[in-house]
Amino acid sequence: NDHVLAFHDINPQKKVHVLVIPKGEYVDLNDFNSKASDKEIVELNKALTHVANLMGAKDKGYRALTNIGNDGGQEVPHLHYHIFAGEKIGKMVS
């Protein structure tokens with residue numbers, strides 16, 4: 001949509017691994033929540049559910065994950081969510 005992009009991860013960690021990112025330039029979730037418009041915040045949250053549903057995860061479940069900072073495992077300095085689905089995820093994603 002006007003605010004969000006979604007695409008398959010080039011190095012999938014699970015059967016379904018999609019990235020959902022805001023089109024605006026935000027480093028992480030902290031940056032996004034302090035600078036994004038209310039419309040951008042709503043659209044990103046709606047997109048997470050919409051993409052998971054498109055990937056067939058509505059009934060069986062999915063994980064939406066974002067990493068923040070070095071200790072949180074963030075490797076790319078742009079806010080993005082990983083949607084994992086299509087199989088049992090377990091307690092942690094490695």
# chains A, B, ... in the order shown; residues from 1 in each chain; ligands from 1
call {"tool": "select_by_dssp", "arguments": {"residues": "chain A", "states": "strand (DSSP E or B)", "output": "number ranges by chain"}}
result
A: 4-8, 16-22, 63-65, 81-85
call {"tool": "residues_around", "arguments": {"residues": "region 5-10 of chain A", "least_positions_apart": "6", "cutoff": "9 Å", "atoms": "only C-alpha atoms", "output": "list in words"}}
result
Val16, His17, Val18, Leu19, Val20, Ile21, Pro22, Lys23, Ala47, Leu48, Val51 and His82 of chain A
call {"tool": "closest_residue", "arguments": {"among": "A:Ile83, A:Asp28, A:Val4, A:Leu65", "to": "Lys46 (chain A)", "atoms": "only C-alpha atoms"}}
result
A:Val4
call {"tool": "closest_residue", "arguments": {"among": "A:His80, A:Lys88, A:His3, A:Lys15", "to": "Gly61 (chain A)", "atoms": "only C-alpha atoms"}}
result
A:Lys88
call {"tool": "closest_residue", "arguments": {"among": "A:Gly73, A:Gly56, A:Gly24, A:Pro12", "to": "Ala36 (chain A)", "atoms": "only C-alpha atoms"}}
result
A:Gly24
call {"tool": "closest_residue", "arguments": {"among": "A:Ser34, A:Lys60, A:Leu29, A:Glu43", "to": "Tyr81 (chain A)", "atoms": "only C-alpha atoms"}}
result
A:Leu29
call {"tool": "atom_distance", "arguments": {"atom1": "CA of Thr49 (chain A)", "atom2": "CA of Gly69 (chain A)"}}
result
24.2 Å
call {"tool": "residues_around", "arguments": {"residues": "Pro77 (chain A)", "least_positions_apart": "6", "cutoff": "10 Å", "atoms": "only C-alpha atoms", "output": "VMD selection string"}}
result
chain A and resid 25 to 28 67 to 69
call {"tool": "write_last_selection", "arguments": {"atoms": "N, CA and C atoms", "output": "compact mmCIF listing (two decimals), in the first residue's frame"}}
result
# COMPACT_ATOMS: atom_id res chain seq x y z
N GLU A 25 11.71 6.07 6.15
CA GLU A 25 13.04 5.72 6.65
C GLU A 25 13.05 5.75 8.17
N TYR A 26 12.95 4.56 8.76
CA TYR A 26 12.96 4.41 10.22
C TYR A 26 13.99 3.34 10.57
N VAL A 27 14.84 3.63 11.52
CA VAL A 27 15.93 2.72 11.89
C VAL A 27 15.40 1.47 12.58
N ASP A 28 14.46 1.65 13.51
CA ASP A 28 13.93 0.52 14.28
C ASP A 28 12.56 0.90 14.84
N ASN A 67 13.73 -7.01 15.28
CA ASN A 67 14.91 -6.92 16.12
C ASN A 67 15.27 -5.44 16.29
N ILE A 68 15.72 -5.07 17.49
CA ILE A 68 16.04 -3.68 17.78
C ILE A 68 17.43 -3.61 18.40
N GLY A 69 18.34 -2.92 17.74
CA GLY A 69 19.68 -2.70 18.26
C GLY A 69 20.57 -3.93 18.22
call {"tool": "decode", "arguments": {"residues": "region 19-55 of chain A", "atoms": "N, CA, C and O atoms", "output": "PDB file, in the first residue's frame"}}
result
ATOM      1  N   LEU A  19       9.135 -10.432   4.805  1.00  0.00           N
ATOM      2  CA  LEU A  19       9.503  -9.190   5.461  1.00  0.00           C
ATOM      3  C   LEU A  19       8.419  -8.155   5.201  1.00  0.00           C
ATOM      4  O   LEU A  19       7.928  -8.031   4.074  1.00  0.00           O
ATOM      5  N   VAL A  20       8.075  -7.412   6.227  1.00  0.00           N
ATOM      6  CA  VAL A  20       7.106  -6.321   6.128  1.00  0.00           C
ATOM      7  C   VAL A  20       7.817  -5.072   6.626  1.00  0.00           C
ATOM      8  O   VAL A  20       8.307  -5.050   7.764  1.00  0.00           O
ATOM      9  N   ILE A  21       7.902  -4.041   5.771  1.00  0.00           N
ATOM     10  CA  ILE A  21       8.652  -2.844   6.131  1.00  0.00           C
ATOM     11  C   ILE A  21       7.853  -1.579   5.827  1.00  0.00           C
ATOM     12  O   ILE A  21       7.099  -1.531   4.855  1.00  0.00           O
ATOM     13  N   PRO A  22       8.022  -0.556   6.649  1.00  0.00           N
ATOM     14  CA  PRO A  22       7.414   0.728   6.309  1.00  0.00           C
ATOM     15  C   PRO A  22       8.212   1.368   5.170  1.00  0.00           C
ATOM     16  O   PRO A  22       9.429   1.169   5.057  1.00  0.00           O
ATOM     17  N   LYS A  23       7.551   2.119   4.322  1.00  0.00           N
ATOM     18  CA  LYS A  23       8.238   2.805   3.228  1.00  0.00           C
ATOM     19  C   LYS A  23       9.052   3.990   3.728  1.00  0.00           C
ATOM     20  O   LYS A  23      10.021   4.383   3.080  1.00  0.00           O
ATOM     21  N   GLY A  24       8.670   4.553   4.858  1.00  0.00           N
ATOM     22  CA  GLY A  24       9.443   5.653   5.430  1.00  0.00           C
ATOM     23  C   GLY A  24      10.766   5.166   5.983  1.00  0.00           C
ATOM     24  O   GLY A  24      10.947   3.976   6.246  1.00  0.00           O
ATOM     25  N   GLU A  25      11.706   6.073   6.154  1.00  0.00           N
ATOM     26  CA  GLU A  25      13.037   5.723   6.646  1.00  0.00           C
ATOM     27  C   GLU A  25      13.055   5.746   8.171  1.00  0.00           C
ATOM     28  O   GLU A  25      13.178   6.814   8.783  1.00  0.00           O
ATOM     29  N   TYR A  26      12.945   4.560   8.763  1.00  0.00           N
ATOM     30  CA  TYR A  26      12.963   4.411  10.215  1.00  0.00           C
ATOM     31  C   TYR A  26      13.989   3.343  10.568  1.00  0.00           C
ATOM     32  O   TYR A  26      13.995   2.266   9.980  1.00  0.00           O
ATOM     33  N   VAL A  27      14.842   3.627  11.525  1.00  0.00           N
ATOM     34  CA  VAL A  27      15.926   2.717  11.893  1.00  0.00           C
ATOM     35  C   VAL A  27      15.397   1.472  12.585  1.00  0.00           C
ATOM     36  O   VAL A  27      15.821   0.362  12.295  1.00  0.00           O
ATOM     37  N   ASP A  28      14.457   1.650  13.508  1.00  0.00           N
ATOM     38  CA  ASP A  28      13.929   0.525  14.282  1.00  0.00           C
ATOM     39  C   ASP A  28      12.561   0.900  14.835  1.00  0.00           C
ATOM     40  O   ASP A  28      12.039   1.984  14.538  1.00  0.00           O
ATOM     41  N   LEU A  29      11.995   0.036  15.643  1.00  0.00           N
ATOM     42  CA  LEU A  29      10.660   0.274  16.183  1.00  0.00           C
ATOM     43  C   LEU A  29      10.624   1.504  17.082  1.00  0.00           C
ATOM     44  O   LEU A  29       9.645   2.259  17.063  1.00  0.00           O
ATOM     45  N   ASN A  30      11.675   1.743  17.847  1.00  0.00           N
ATOM     46  CA  ASN A  30      11.721   2.937  18.692  1.00  0.00           C
ATOM     47  C   ASN A  30      11.657   4.204  17.846  1.00  0.00           C
ATOM     48  O   ASN A  30      10.893   5.130  18.146  1.00  0.00           O
ATOM     49  N   ASP A  31      12.452   4.249  16.796  1.00  0.00           N
ATOM     50  CA  ASP A  31      12.478   5.386  15.882  1.00  0.00           C
ATOM     51  C   ASP A  31      11.117   5.561  15.212  1.00  0.00           C
ATOM     52  O   ASP A  31      10.584   6.672  15.126  1.00  0.00           O
ATOM     53  N   PHE A  32      10.545   4.460  14.755  1.00  0.00           N
ATOM     54  CA  PHE A  32       9.244   4.486  14.091  1.00  0.00           C
ATOM     55  C   PHE A  32       8.159   5.041  15.010  1.00  0.00           C
ATOM     56  O   PHE A  32       7.413   5.947  14.633  1.00  0.00           O
ATOM     57  N   ASN A  33       8.082   4.526  16.221  1.00  0.00           N
ATOM     58  CA  ASN A  33       7.026   4.963  17.137  1.00  0.00           C
ATOM     59  C   ASN A  33       7.187   6.408  17.570  1.00  0.00           C
ATOM     60  O   ASN A  33       6.198   7.063  17.907  1.00  0.00           O
ATOM     61  N   SER A  34       8.397   6.931  17.539  1.00  0.00           N
ATOM     62  CA  SER A  34       8.584   8.332  17.938  1.00  0.00           C
ATOM     63  C   SER A  34       8.413   9.304  16.771  1.00  0.00           C
ATOM     64  O   SER A  34       8.113  10.471  16.991  1.00  0.00           O
ATOM     65  N   LYS A  35       8.558   8.831  15.516  1.00  0.00           N
ATOM     66  CA  LYS A  35       8.532   9.744  14.374  1.00  0.00           C
ATOM     67  C   LYS A  35       7.409   9.510  13.362  1.00  0.00           C
ATOM     68  O   LYS A  35       7.057  10.416  12.620  1.00  0.00           O
ATOM     69  N   ALA A  36       6.867   8.306  13.292  1.00  0.00           N
ATOM     70  CA  ALA A  36       5.868   7.979  12.266  1.00  0.00           C
ATOM     71  C   ALA A  36       4.543   8.653  12.557  1.00  0.00           C
ATOM     72  O   ALA A  36       4.196   8.917  13.711  1.00  0.00           O
ATOM     73  N   SER A  37       3.795   8.897  11.503  1.00  0.00           N
ATOM     74  CA  SER A  37       2.444   9.439  11.669  1.00  0.00           C
ATOM     75  C   SER A  37       1.522   8.344  12.197  1.00  0.00           C
ATOM     76  O   SER A  37       1.832   7.147  12.089  1.00  0.00           O
ATOM     77  N   ASP A  38       0.406   8.765  12.751  1.00  0.00           N
ATOM     78  CA  ASP A  38      -0.572   7.781  13.231  1.00  0.00           C
ATOM     79  C   ASP A  38      -1.012   6.863  12.085  1.00  0.00           C
ATOM     80  O   ASP A  38      -1.185   5.663  12.281  1.00  0.00           O
ATOM     81  N   LYS A  39      -1.157   7.421  10.895  1.00  0.00           N
ATOM     82  CA  LYS A  39      -1.568   6.632   9.726  1.00  0.00           C
ATOM     83  C   LYS A  39      -0.528   5.561   9.409  1.00  0.00           C
ATOM     84  O   LYS A  39      -0.867   4.408   9.148  1.00  0.00           O
ATOM     85  N   GLU A  40       0.751   5.906   9.450  1.00  0.00           N
ATOM     86  CA  GLU A  40       1.809   4.935   9.175  1.00  0.00           C
ATOM     87  C   GLU A  40       1.810   3.815  10.216  1.00  0.00           C
ATOM     88  O   GLU A  40       1.990   2.647   9.872  1.00  0.00           O
ATOM     89  N   ILE A  41       1.607   4.167  11.466  1.00  0.00           N
ATOM     90  CA  ILE A  41       1.587   3.165  12.539  1.00  0.00           C
ATOM     91  C   ILE A  41       0.432   2.193  12.344  1.00  0.00           C
ATOM     92  O   ILE A  41       0.601   0.978  12.417  1.00  0.00           O
ATOM     93  N   VAL A  42      -0.734   2.728  12.053  1.00  0.00           N
ATOM     94  CA  VAL A  42      -1.909   1.876  11.829  1.00  0.00           C
ATOM     95  C   VAL A  42      -1.697   0.982  10.609  1.00  0.00           C
ATOM     96  O   VAL A  42      -1.964  -0.223  10.651  1.00  0.00           O
ATOM     97  N   GLU A  43      -1.204   1.557   9.516  1.00  0.00           N
ATOM     98  CA  GLU A  43      -1.036   0.786   8.283  1.00  0.00           C
ATOM     99  C   GLU A  43      -0.001  -0.323   8.436  1.00  0.00           C
ATOM    100  O   GLU A  43      -0.173  -1.413   7.880  1.00  0.00           O
ATOM    101  N   LEU A  44       1.074  -0.086   9.181  1.00  0.00           N
ATOM    102  CA  LEU A  44       2.063  -1.147   9.395  1.00  0.00           C
ATOM    103  C   LEU A  44       1.437  -2.283  10.192  1.00  0.00           C
ATOM    104  O   LEU A  44       1.597  -3.456   9.837  1.00  0.00           O
ATOM    105  N   ASN A  45       0.706  -1.961  11.239  1.00  0.00           N
ATOM    106  CA  ASN A  45       0.076  -3.011  12.049  1.00  0.00           C
ATOM    107  C   ASN A  45      -0.971  -3.788  11.258  1.00  0.00           C
ATOM    108  O   ASN A  45      -1.036  -5.014  11.349  1.00  0.00           O
ATOM    109  N   LYS A  46      -1.761  -3.108  10.466  1.00  0.00           N
ATOM    110  CA  LYS A  46      -2.736  -3.802   9.622  1.00  0.00           C
ATOM    111  C   LYS A  46      -2.035  -4.692   8.602  1.00  0.00           C
ATOM    112  O   LYS A  46      -2.485  -5.798   8.310  1.00  0.00           O
ATOM    113  N   ALA A  47      -0.926  -4.212   8.054  1.00  0.00           N
ATOM    114  CA  ALA A  47      -0.195  -4.980   7.046  1.00  0.00           C
ATOM    115  C   ALA A  47       0.364  -6.277   7.620  1.00  0.00           C
ATOM    116  O   ALA A  47       0.379  -7.301   6.930  1.00  0.00           O
ATOM    117  N   LEU A  48       0.813  -6.264   8.862  1.00  0.00           N
ATOM    118  CA  LEU A  48       1.331  -7.486   9.478  1.00  0.00           C
ATOM    119  C   LEU A  48       0.276  -8.580   9.471  1.00  0.00           C
ATOM    120  O   LEU A  48       0.543  -9.721   9.076  1.00  0.00           O
ATOM    121  N   THR A  49      -0.932  -8.249   9.880  1.00  0.00           N
ATOM    122  CA  THR A  49      -2.023  -9.222   9.893  1.00  0.00           C
ATOM    123  C   THR A  49      -2.423  -9.611   8.474  1.00  0.00           C
ATOM    124  O   THR A  49      -2.628 -10.790   8.169  1.00  0.00           O
ATOM    125  N   HIS A  50      -2.522  -8.623   7.596  1.00  0.00           N
ATOM    126  CA  HIS A  50      -2.928  -8.887   6.213  1.00  0.00           C
ATOM    127  C   HIS A  50      -1.947  -9.838   5.521  1.00  0.00           C
ATOM    128  O   HIS A  50      -2.362 -10.810   4.864  1.00  0.00           O
ATOM    129  N   VAL A  51      -0.667  -9.581   5.661  1.00  0.00           N
ATOM    130  CA  VAL A  51       0.349 -10.429   5.023  1.00  0.00           C
ATOM    131  C   VAL A  51       0.307 -11.839   5.601  1.00  0.00           C
ATOM    132  O   VAL A  51       0.366 -12.825   4.863  1.00  0.00           O
ATOM    133  N   ALA A  52       0.206 -11.954   6.918  1.00  0.00           N
ATOM    134  CA  ALA A  52       0.122 -13.280   7.533  1.00  0.00           C
ATOM    135  C   ALA A  52      -1.087 -14.043   6.997  1.00  0.00           C
ATOM    136  O   ALA A  52      -0.991 -15.238   6.690  1.00  0.00           O
ATOM    137  N   ASN A  53      -2.205 -13.361   6.848  1.00  0.00           N
ATOM    138  CA  ASN A  53      -3.399 -14.003   6.300  1.00  0.00           C
ATOM    139  C   ASN A  53      -3.181 -14.417   4.850  1.00  0.00           C
ATOM    140  O   ASN A  53      -3.588 -15.513   4.445  1.00  0.00           O
ATOM    141  N   LEU A  54      -2.538 -13.566   4.047  1.00  0.00           N
ATOM    142  CA  LEU A  54      -2.243 -13.912   2.658  1.00  0.00           C
ATOM    143  C   LEU A  54      -1.345 -15.146   2.566  1.00  0.00           C
ATOM    144  O   LEU A  54      -1.447 -15.928   1.620  1.00  0.00           O
ATOM    145  N   MET A  55      -0.497 -15.330   3.545  1.00  0.00           N
ATOM    146  CA  MET A  55       0.425 -16.470   3.559  1.00  0.00           C
ATOM    147  C   MET A  55      -0.217 -17.730   4.134  1.00  0.00           C
ATOM    148  O   MET A  55       0.430 -18.753   4.295  1.00  0.00           O
TER     149      MET A  55
END
